[in-house]
Each structure stands twice: as C-alpha cells, then as structure tokens.
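S.K.: The file below is target-v7.cif, mmCIF, C-alpha atoms:
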data_data
loop_
_atom_site.label_atom_id
_atom_site.label_comp_id
_atom_site.auth_asym_id
_atom_site.auth_seq_id
_atom_site.Cartn_x
_atom_site.Cartn_y
_atom_site.Cartn_z
CA MET A 262 -12.57 -19.74 -15.71
CA THR A 263 -10.91 -16.34 -15.28
CA ALA A 264 -7.20 -16.65 -14.59
CA THR A 265 -6.02 -15.30 -11.24
CA THR A 266 -2.64 -13.74 -10.59
CA THR A 267 0.07 -16.11 -9.42
CA LEU A 268 1.73 -15.08 -6.17
CA PRO A 269 5.15 -16.77 -5.87
CA GLY A 270 6.34 -17.20 -2.32
CA LEU A 271 2.92 -16.78 -0.73
CA GLY A 272 2.36 -20.42 0.26
CA GLY A 273 4.38 -20.45 3.48
CA ILE A 274 3.14 -16.97 4.38
CA LEU A 275 -0.47 -18.14 4.02
CA GLU A 276 0.23 -20.92 6.51
CA TRP A 277 1.59 -18.32 8.92
CA PHE A 278 -1.56 -16.18 8.49
CA ALA A 279 -3.72 -19.22 9.20
CA GLY A 280 -1.80 -19.89 12.40
CA GLU A 281 -2.18 -16.26 13.55
CA ALA A 282 -5.84 -15.82 12.61
CA ALA A 283 -7.34 -16.50 16.04
CA ALA A 284 -4.84 -14.25 17.84
CA VAL A 285 -5.37 -11.35 15.43
CA ASP A 286 -9.14 -11.75 15.60
CA GLN A 287 -9.07 -11.66 19.41
CA GLY A 288 -6.54 -8.82 19.61
CA ARG A 289 -3.84 -10.91 21.28
CA SER A 290 -1.74 -10.09 18.23
CA ASP A 291 -2.19 -7.43 15.58
CA ALA A 292 -2.02 -7.06 11.82
CA ARG A 293 1.34 -5.31 11.61
CA ALA A 294 3.40 -8.50 11.67
CA GLY A 295 1.56 -9.78 8.60
CA LEU A 296 2.18 -6.52 6.73
CA ARG A 297 5.88 -6.75 7.53
CA ARG A 298 6.05 -10.34 6.28
CA LEU A 299 4.35 -9.41 3.03
CA GLY A 300 6.61 -6.40 2.64
CA ALA A 301 9.74 -8.47 3.21
CA ALA A 302 8.59 -10.80 0.41
CA ASP A 303 7.84 -7.80 -1.86
CA LEU A 304 4.18 -8.78 -2.03
CA LEU A 305 2.50 -5.61 -0.76
CA ALA A 306 2.79 -3.57 -3.96
CA PRO A 307 5.46 -5.04 -6.24
CA ALA A 308 6.48 -3.18 -9.38
CA GLY A 309 4.04 -4.04 -12.16
CA GLY A 310 1.66 -5.86 -9.80
CA GLY A 311 -1.23 -3.43 -10.01
CA LEU A 312 -4.87 -4.18 -9.25
CA PRO A 313 -4.88 -7.89 -10.29
CA HIS A 314 -2.09 -8.56 -7.81
CA ALA A 315 -3.80 -6.65 -4.99
CA VAL A 316 -7.10 -8.46 -5.55
CA SER A 317 -5.51 -11.90 -5.64
CA LEU A 318 -3.38 -11.26 -2.57
CA VAL A 319 -6.22 -9.94 -0.41
CA GLU A 320 -8.58 -12.70 -1.54
CA ARG A 321 -6.10 -15.44 -0.70
CA ILE A 322 -5.28 -14.04 2.72
CA ALA A 323 -8.97 -13.52 3.57
CA GLY A 324 -9.47 -17.26 3.18
CA GLU A 325 -7.10 -17.74 6.12
CA CYS A 326 -7.46 -14.57 8.19
CA MET A 327 -10.10 -11.97 7.43
CA SER A 328 -8.62 -9.54 9.98
CA SER A 329 -5.28 -9.53 8.19
CA ALA A 330 -6.91 -9.20 4.77
CA PHE A 331 -8.97 -6.24 5.96
CA SER A 332 -5.88 -4.56 7.41
CA LEU A 333 -4.03 -5.26 4.16
CA TRP A 334 -6.83 -3.58 2.17
CA ALA A 335 -6.53 -0.44 4.32
CA HIS A 336 -2.74 -0.41 3.98
CA ARG A 337 -2.78 -1.10 0.23
CA MET A 338 -5.22 1.76 -0.34
CA VAL A 339 -2.85 4.20 1.34
CA ILE A 340 -0.11 3.06 -1.02
CA GLU A 341 -2.55 3.79 -3.85
CA TYR A 342 -3.40 7.25 -2.51
CA VAL A 343 0.19 8.26 -1.94
CA THR A 344 1.29 6.95 -5.34
CA ARG A 345 -1.45 8.96 -7.07
CA GLY A 346 -1.13 12.08 -4.94
CA GLU A 347 2.63 12.50 -4.67
CA PRO A 348 4.90 12.38 -7.74
CA ASP A 349 7.81 11.23 -5.56
CA PRO A 350 6.62 9.70 -2.26
CA GLY A 351 10.22 8.83 -1.38
CA ALA A 352 10.81 7.31 2.04
CA LEU A 353 7.08 7.22 2.83
CA GLY A 354 6.33 5.14 -0.25
CA ASP A 355 9.30 2.86 0.38
CA GLY A 356 8.29 2.34 4.00
CA LEU A 357 4.69 1.52 3.10
CA ARG A 358 5.71 -0.97 0.39
CA ALA A 359 8.15 -2.64 2.79
CA GLY A 360 5.56 -2.83 5.59
CA HIS A 361 7.78 -0.86 7.97
CA LEU A 362 5.22 1.96 7.95
CA VAL A 363 1.48 1.30 8.27
CA GLY A 364 -1.26 2.96 6.21
CA SER A 365 -4.79 3.73 7.43
CA THR A 366 -7.54 4.72 5.01
CA ALA A 367 -10.15 7.13 6.38
CA MET A 368 -11.69 7.89 2.99
CA ALA A 369 -15.16 6.45 3.62
CA PRO A 370 -16.61 9.93 4.35
CA ALA A 371 -15.55 10.99 0.86
CA LEU A 372 -17.80 8.34 -0.69
CA ARG A 373 -20.72 9.46 1.47
CA ASP A 374 -20.11 13.12 0.68
CA LEU A 375 -19.95 12.60 -3.08
CA ALA A 376 -23.08 10.43 -2.93
CA GLY A 377 -24.90 13.31 -1.24
CA LEU A 378 -25.46 11.40 2.00
CA GLU A 379 -23.36 13.39 4.48
CA PRO A 380 -20.69 16.11 4.28
CA VAL A 381 -17.08 15.34 5.13
CA PRO A 382 -16.80 15.98 8.91
CA VAL A 383 -13.20 17.25 9.15
CA VAL A 384 -12.79 20.96 8.40
CA ALA A 385 -9.54 22.38 7.00
CA THR A 386 -8.50 26.00 7.45
CA ARG A 387 -5.73 27.29 5.22
CA THR A 388 -2.56 28.50 6.94
CA ALA A 389 0.65 30.07 5.71
CA GLY A 390 2.31 26.66 5.56
CA GLY A 391 -0.58 24.41 4.55
CA MET A 392 -3.78 23.59 6.48
CA ARG A 393 -5.10 23.18 10.03
CA LEU A 394 -7.55 20.31 10.61
CA ASP A 395 -10.38 20.11 13.13
CA GLY A 396 -13.08 17.48 13.49
CA PRO A 397 -13.71 13.76 13.87
CA ILE A 398 -12.66 10.69 11.94
CA ARG A 399 -15.60 8.59 13.05
CA TRP A 400 -14.04 5.23 12.21
CA ALA A 401 -10.82 3.92 10.70
CA SER A 402 -8.56 0.91 11.03
CA ASN A 403 -4.80 0.39 11.24
CA LEU A 404 -4.64 3.26 13.75
CA PHE A 405 -1.31 2.05 15.12
CA ASP A 406 1.26 4.46 16.54
CA GLY A 407 2.92 6.33 13.69
CA ALA A 408 0.48 5.13 11.03
CA THR A 409 -0.11 7.34 8.00
CA VAL A 410 -3.80 8.24 7.77
CA VAL A 411 -5.30 9.55 4.52
CA LEU A 412 -8.60 11.41 4.84
CA PRO A 413 -10.87 13.89 3.05
CA VAL A 414 -11.40 17.40 4.43
CA ARG A 415 -13.75 20.31 3.83
CA LEU A 416 -12.05 23.56 2.88
CA GLY A 417 -13.88 25.84 5.28
CA ALA A 418 -16.90 25.03 7.41
CA ALA A 419 -19.51 25.88 4.75
CA GLY A 420 -17.58 26.00 1.49
CA PRO A 421 -17.87 23.55 -1.39
CA GLY A 422 -14.15 22.79 -1.60
CA ARG A 423 -12.84 19.35 -0.66
CA ALA A 424 -9.27 18.06 -0.40
CA VAL A 425 -7.39 14.86 0.46
CA VAL A 426 -4.58 15.02 3.01
CA ARG A 427 -2.33 12.72 4.99
CA ILE A 428 -1.43 12.91 8.66
CA ARG A 429 0.24 10.63 11.22
CA THR A 430 -1.46 9.23 14.29
CA THR A 431 1.42 10.67 16.35
CA ASP A 432 1.02 14.25 15.04
CA PRO A 433 0.22 16.90 17.67
CA GLY A 434 -3.54 17.32 18.01
CA VAL A 435 -4.38 13.79 16.86
CA ARG A 436 -6.25 11.88 19.58
CA VAL A 437 -7.01 8.22 18.83
CA ALA A 438 -9.82 6.88 21.02
CA THR A 439 -9.38 3.73 23.08
CA ARG A 440 -10.12 0.76 20.86
CA PRO A 441 -13.48 -0.83 21.60
CA ASP A 442 -13.91 -4.57 21.97
CA LEU A 443 -15.33 -5.71 18.64
CA LEU A 444 -17.27 -8.81 17.64
CA ALA A 445 -14.35 -9.69 15.33
CA LEU A 446 -11.19 -8.12 13.81
CA ASN A 447 -9.83 -6.92 17.15
CA GLY A 448 -6.22 -6.89 15.93
CA THR A 449 -6.92 -4.25 13.26
CA ALA A 450 -6.53 -1.19 15.55
CA SER A 451 -9.98 0.10 14.63
CA SER A 452 -11.33 3.14 16.44
CA SER A 453 -12.28 6.80 16.08
CA VAL A 454 -10.04 9.87 16.04
CA GLN A 455 -10.46 13.50 17.05
CA LEU A 456 -8.40 16.16 15.28
CA ASP A 457 -7.80 19.43 17.14
CA GLY A 458 -5.66 21.98 15.33
CA VAL A 459 -3.64 19.38 13.45
CA GLN A 460 -1.12 21.06 11.15
CA VAL A 461 -0.72 19.70 7.63
CA ALA A 462 2.16 20.87 5.45
CA ALA A 463 1.53 21.72 1.82
CA ASP A 464 3.39 18.62 0.64
CA ALA A 465 0.97 16.42 2.63
CA VAL A 466 -2.01 17.60 0.58
CA LEU A 467 -2.58 14.82 -1.96
CA SER A 468 -5.33 16.53 -3.93
CA GLU A 469 -7.65 19.54 -3.83
CA ASP A 470 -10.11 17.89 -6.21
CA LEU A 471 -11.91 15.26 -4.16
CA HIS A 472 -14.28 14.29 -6.97
CA ALA A 473 -11.45 13.51 -9.39
CA PHE A 474 -9.36 11.77 -6.73
CA VAL A 475 -12.20 9.49 -5.63
CA GLY A 476 -13.11 8.79 -9.25
CA ALA A 477 -9.57 7.56 -9.83
CA ILE A 478 -9.29 5.37 -6.73
CA ARG A 479 -12.90 4.15 -6.37
CA PRO A 480 -12.56 1.02 -8.58
CA THR A 481 -9.51 -0.13 -6.63
CA PHE A 482 -11.15 0.76 -3.31
CA LEU A 483 -14.27 -1.30 -4.02
CA LEU A 484 -12.63 -4.18 -5.88
CA VAL A 485 -10.04 -4.84 -3.17
CA GLN A 486 -12.87 -4.72 -0.61
CA THR A 487 -14.72 -7.20 -2.80
CA ALA A 488 -11.62 -9.40 -2.67
CA PHE A 489 -11.73 -9.88 1.10
CA CYS A 490 -15.45 -10.65 0.87
CA SER A 491 -14.76 -13.17 -1.90
CA GLY A 492 -11.91 -14.85 -0.02
CA LEU A 493 -14.09 -15.38 3.03
CA ALA A 494 -16.99 -16.64 0.91
CA LEU A 495 -14.86 -19.14 -0.98
CA ARG A 496 -13.34 -20.56 2.21
CA SER A 497 -16.62 -20.97 4.08
CA ALA A 498 -18.39 -22.38 1.03
CA ARG A 499 -15.65 -24.95 0.51
CA GLU A 500 -15.73 -26.00 4.16
CA ALA A 501 -19.53 -26.33 4.03
CA GLN A 502 -19.53 -28.42 0.87
CA GLU A 503 -16.81 -30.76 2.10
CA ARG A 504 -18.71 -31.46 5.33
CA ALA A 505 -22.27 -31.66 4.00
CA THR A 506 -22.22 -35.46 4.10
CA GLY A 507 -23.70 -38.24 6.23
CA PRO A 508 -26.33 -36.82 8.59
CA ASN A 509 -25.84 -33.39 6.96
CA ILE A 510 -26.51 -34.60 3.41
CA GLU A 511 -29.78 -32.66 3.32
CA LEU A 512 -27.71 -29.48 3.60
CA ALA A 513 -25.60 -30.38 0.57
CA GLY A 514 -27.89 -28.47 -1.79
CA ASP A 515 -27.43 -25.29 0.23
CA ALA A 516 -23.67 -25.78 0.25
CA VAL A 517 -23.53 -26.38 -3.50
CA ALA A 518 -25.67 -23.32 -4.19
CA VAL A 519 -23.59 -20.97 -2.07
CA THR A 520 -20.39 -22.41 -3.55
CA ALA A 521 -21.66 -21.62 -7.05
CA ARG A 522 -22.51 -18.07 -6.01
CA ALA A 523 -19.07 -17.59 -4.42
CA ALA A 524 -17.40 -18.90 -7.58
CA GLY A 525 -19.46 -16.50 -9.67
CA VAL A 526 -18.37 -13.51 -7.58
CA HIS A 527 -14.76 -14.69 -7.81
CA GLU A 528 -14.99 -14.84 -11.62
CA ARG A 529 -16.56 -11.40 -11.88
CA LEU A 530 -14.01 -9.93 -9.47
CA HIS A 531 -10.95 -11.12 -11.38
CA ALA A 532 -12.43 -10.14 -14.74
CA ALA A 533 -13.06 -6.65 -13.34
CA ALA A 534 -9.56 -6.40 -11.84
CA ALA A 535 -8.04 -7.26 -15.21
CA ASP A 536 -9.99 -4.46 -16.93
CA PRO A 537 -11.83 -2.20 -14.46
CA ALA A 538 -12.61 0.39 -17.13
CA VAL A 539 -15.31 -1.87 -18.59
CA LEU A 540 -17.40 -1.71 -15.41
CA ARG A 541 -20.21 0.80 -15.17
CA PRO A 542 -20.63 2.39 -11.72
CA ALA A 543 -23.70 0.22 -11.10
CA ASP A 544 -21.74 -2.93 -11.98
CA LEU A 545 -19.03 -2.04 -9.46
CA LEU A 546 -21.55 -1.37 -6.71
CA ARG A 547 -23.49 -4.55 -7.45
CA LEU A 548 -20.35 -6.70 -7.40
CA ARG A 549 -19.30 -5.30 -4.02
CA LEU A 550 -22.83 -5.83 -2.66
CA ASP A 551 -23.08 -9.37 -4.05
CA ALA A 552 -19.70 -10.31 -2.60
CA ALA A 553 -20.65 -9.22 0.90
CA GLY A 554 -23.98 -11.00 0.59
CA VAL A 555 -22.54 -14.33 -0.49
CA ALA A 556 -19.86 -14.13 2.21
CA THR A 557 -22.42 -13.73 4.99
CA ASP A 558 -24.55 -16.50 3.49
CA ALA A 559 -21.56 -18.84 3.11
CA THR A 560 -20.50 -18.38 6.73
CA ARG A 561 -24.07 -19.11 7.87
CA VAL A 562 -24.25 -22.28 5.76
CA GLU A 563 -20.86 -23.42 7.07
CA ALA A 564 -22.00 -22.84 10.67
CA THR A 565 -25.22 -24.74 10.01
CA VAL A 566 -23.37 -27.70 8.54
CA ARG A 567 -20.87 -27.81 11.42
CA GLY A 568 -23.57 -27.63 14.09
CA GLY A 569 -22.39 -27.52 17.69
CA ALA A 570 -18.71 -27.65 16.72
CA GLY A 571 -19.14 -24.34 14.95
CA TYR A 572 -20.89 -22.79 17.92
CA VAL A 573 -17.76 -23.02 20.06
CA ALA A 574 -16.78 -19.38 20.56
CA ARG A 575 -13.14 -19.72 19.51
CA SER A 576 -13.56 -22.13 16.62
CA ASP A 577 -12.55 -21.14 13.09
CA VAL A 578 -16.18 -21.56 12.04
CA SER A 579 -17.37 -19.12 14.68
CA ARG A 580 -14.62 -16.68 13.71
CA ARG A 581 -15.65 -16.72 10.06
CA LEU A 582 -19.31 -16.27 11.06
CA ARG A 583 -18.40 -13.20 13.09
CA GLU A 584 -16.18 -11.86 10.31
CA GLY A 585 -19.04 -12.25 7.86
CA ALA A 586 -21.34 -10.29 10.18
CA PHE A 587 -19.01 -7.30 9.79
CA LEU A 588 -19.36 -7.02 6.01
CA PRO A 589 -22.85 -5.42 5.78
CA ILE A 590 -21.66 -2.55 7.99
CA GLN A 591 -18.23 -2.09 6.40
CA SER A 592 -18.26 1.27 4.63
CA PRO A 593 -19.72 1.60 2.09
CA THR A 594 -22.41 -0.20 4.07
CA GLU A 595 -25.10 -2.38 2.57
CA GLY A 596 -27.54 0.50 3.02
CA HIS A 597 -25.20 2.92 1.24
CA LEU A 598 -24.62 0.51 -1.64
CA ARG A 599 -28.33 -0.12 -2.08
CA TRP A 600 -29.06 3.62 -1.93
CA GLU A 601 -26.52 4.36 -4.66
CA LEU A 602 -27.71 1.46 -6.79
CA SER A 603 -31.31 2.70 -6.59
CA ARG A 604 -30.15 5.95 -8.17
CA CYS A 605 -28.08 4.46 -10.98
CA THR A 606 -29.68 4.71 -14.40
#
Take the structure in the file and give it back as structure tokens.
M.R.:
Amino acid sequence: MTATTTLPGLGGILEWFAGEAAAVDQGRSDARAGLRRLGAADLLAPAGGGLPHAVSLVERIAGECMSSAFSLWAHRMVIEYVTRGEPDPGALGDGLRAGHLVGSTAMAPALRDLAGLEPVPVVATRTAGGMRLDGPIRWASNLFDGATVVLPVRLGAAGPGRAVVRIRTTDPGVRVATRPDLLALNGTASSSVQLDGVQVAADAVLSEDLHAFVGAIRPTFLLVQTAFCSGLALRSAREAQERATGPNIELAGDAVAVTARAAGVHERLHAAAADPAVLRPADLLRLRLDAAGVATDATRVEATVRGGAGYVARSDVSRRLREGAFLPIQSPTEGHLRWELSRCT
C-alpha cells in the first residue's frame, strides 16, 4: 500500500471539522474558521510539505466535511499560484499560510480556454500602471470579504494573449453576486462576480504566459481536487461496508466493490502526489474522473444501505449524498474531462 503523509496535530482538528460539517454545509457557519485553525497549526502549507501534504490533508478533511475540504482546495491553490507567480509574496503569502487571509481560485476558465472549449471571459486592457479588468467570473468559491482571487484574463478583446492576475473581492469595481442557496456546500461562499473597470497593479500580474502557468499548476490543481473526491469516497464506502449486515447483507457485495474502487483511487492518488511527473496528461484526467465517479457511487451505496435513516434531510448520509452530487459538475466537469480524454493520444 502506498504510504500517505503523516499529519501531526490533525486528530483533534478533524474532530472539530466533523462537528462543524452540518453547519458549514447548511451555511450556518462558513469555511473560514477551519482555514484559521489549520493555519494556526501550520498545516495549510508548511515548509517542505508540498503536494503529498496537500493531498493527504484535503483527503482527510473531506472524510469529515466535504465543504471544508473544497474550500481548503481553493485556498491552497491560491497559495500555489502566489508562490509560483511572485518571487517574494511577503505579507500576502504569510497571511494565506496562516489562514488570516482567504484565497479564491477562479482559474477554471483557463482550463477551458486552453482545451479550446471557451475563451477566458474577463478582458484586460493595459494601463500606465498595470491593467484594467472587465467581464464576469461565472463561478468561484471562497468569495469572502477581502479574499484574494486569482483569475485568467484575455489581453484585449480579440487578441491571443492571456495572463494571470490577482484581485481582492473588496477592490473597487468588483461586484460579488448574492450567494445562491445550493444543494450542498453552502458555507463555501460560492457565487459569481462581475468586474467593471477593476484596476490591477503591475505587481499583481502573476504571469503573462497562461499556457506555461497552467502547465505548472495543473497537476496540483487536479490532484488536490482528486483528494477531496477520494476522501468522500473512502468515508462513504467505509460506512456502507460496516452497515451492510443483517437485513442488508445482500448489499454487502456492492459495498465491498465500491470500497475496493475507492482504495484503488486512493493508492493511485498518493503515488501520483509523490511523483506527479510520471503521469501522462491522460492519466491525470482519468484519475480525477475516476475519483469523482467512485465518490458519487459510494455515497449512493451508503444511502442505499442506510435506507430511511439516510433519507432524513439533515443526516450525515444525506449530506454526503448531496456532496457527491456536486462532483460531476465541479470544474473541470465530467463532460470536460471526458472531452479532453477523448482527444488524448
């Protein structure tokens, strides 16, 4: 079995995440408190932790609270972007690693643009001091007040140039839409944003080579997403197998099968995190797709085994079922992943 990264000090924090899961899912609480707890324990992005640490942390938290794991993925990616794009991120980097500042990734349009599916919707016009941004961010999470948002932009309405920039949700011209009521993950501050004449200073431009930037961050982006799928799958599969007894014994085969699939994804994930360079693009896409698929299947099997108890709207089983339903539409969506896979040689 592939070794996973040890995470000293996480045990008590995991119990806290489990206790907060329902409130964060329903939006009675939000994901910022969890980020601050992880930051205080130096677990968000510790020196030398790297991708294996990020994958293990997100996977473990997803087993207790998918909302918090998803928010953590978005935050951790912004740390990755800023670290790669700014030689000395200074107070911004320190604040993100401590959890005092929140990061929001709005980079999904970059993946669609580079795949040839749809151009980046935000247009940047060069100014004397940097750039002016206009256009929509159609969906992002962690859109809390003061959050740092990293997004791709088009350099000119019709030009081929693409850049990566950072803004704050409180910058003039940034209008965050009212958060809709979601099926799950309501404490993740997920919504859309309209940018109207937002000024970006030159030092907030992380890259003017979108292709190279995405190529560098894509393995981390997809593998940490895979981690929250895997964490949910492992938890639901375990619950299903433990309860497939007595009158439910006929469901034991389904529970065993989905547990084996979840374990297989877990093994592949941690092997990839230890050495992502060995993965071909198709392998990375297939792992992310398989992880989402087994997570949705595991939550369905768990709900089937639990029967009426799992159908109670505010049960943990129902929450995991609703969380699993989100994964096929999380960008890159199942359709996007399948489209790209069909074009891999």
S.K.: Hey, what comes out of the PyMOL selection byres ((chain A and resi 378-382) around 9) on this file? Could you write it as number ranges by chain?
M.R.: A: 370-377, 383-384, 395-399, 413-415, 423, 597
S.K.: Mind pulling up the distance from atom CA of Thr266 of chain A to atom CA of Glu281 of chain A?
M.R.: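 These two atoms are separated by 24.3 Å.
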S.K.: Just need the box for segment 281-291 of chain A, edges along x, y and z, holding every atom the file lists for it with 8 Å tacked onto each side, so centre and edge lengths in Å to one decimal, as lines of an AutoDock Vina configuration file.
M.R.:
center_x = -5.4
center_y = -12.0
center_z = 16.9
size_x = 23.4
size_y = 25.1
size_z = 24.7
S.K.: Of the candidates A:Thr560, A:Thr388, A:Thr267, A:Ser332, which shows the shortest atom-to-atom distance to Ala463 of chain A, using only C-alpha atoms?
M.R.: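 Between A:Thr560, A:Thr388, A:Thr267, A:Ser332, the residue approaching Ala463 of chain A most closely is A:Thr388.
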S.K.: Given only C-alpha atoms as the basis, pick out the residue of A:Trp334, A:Ala301, A:Arg393, A:Gly596 nearest to Asp355 of chain A.
M.R.: A:Ala301
S.K.: Name the residues within 12 Å of (-16.3, -24.6, 12.6), counting all atoms listed in the file in the file's coordinates, and put them as a PyMOL selection string.
M.R.: chain A and resi 496-498+500-501+504+560-583
S.K.: Kindly resolve the PyMOL selection byres ((chain A and resi 557) around 9) on the present coordinates and return the residues as number ranges by chain.
M.R.: A: 490, 493-494, 552-556, 558-562, 581-582, 584-589
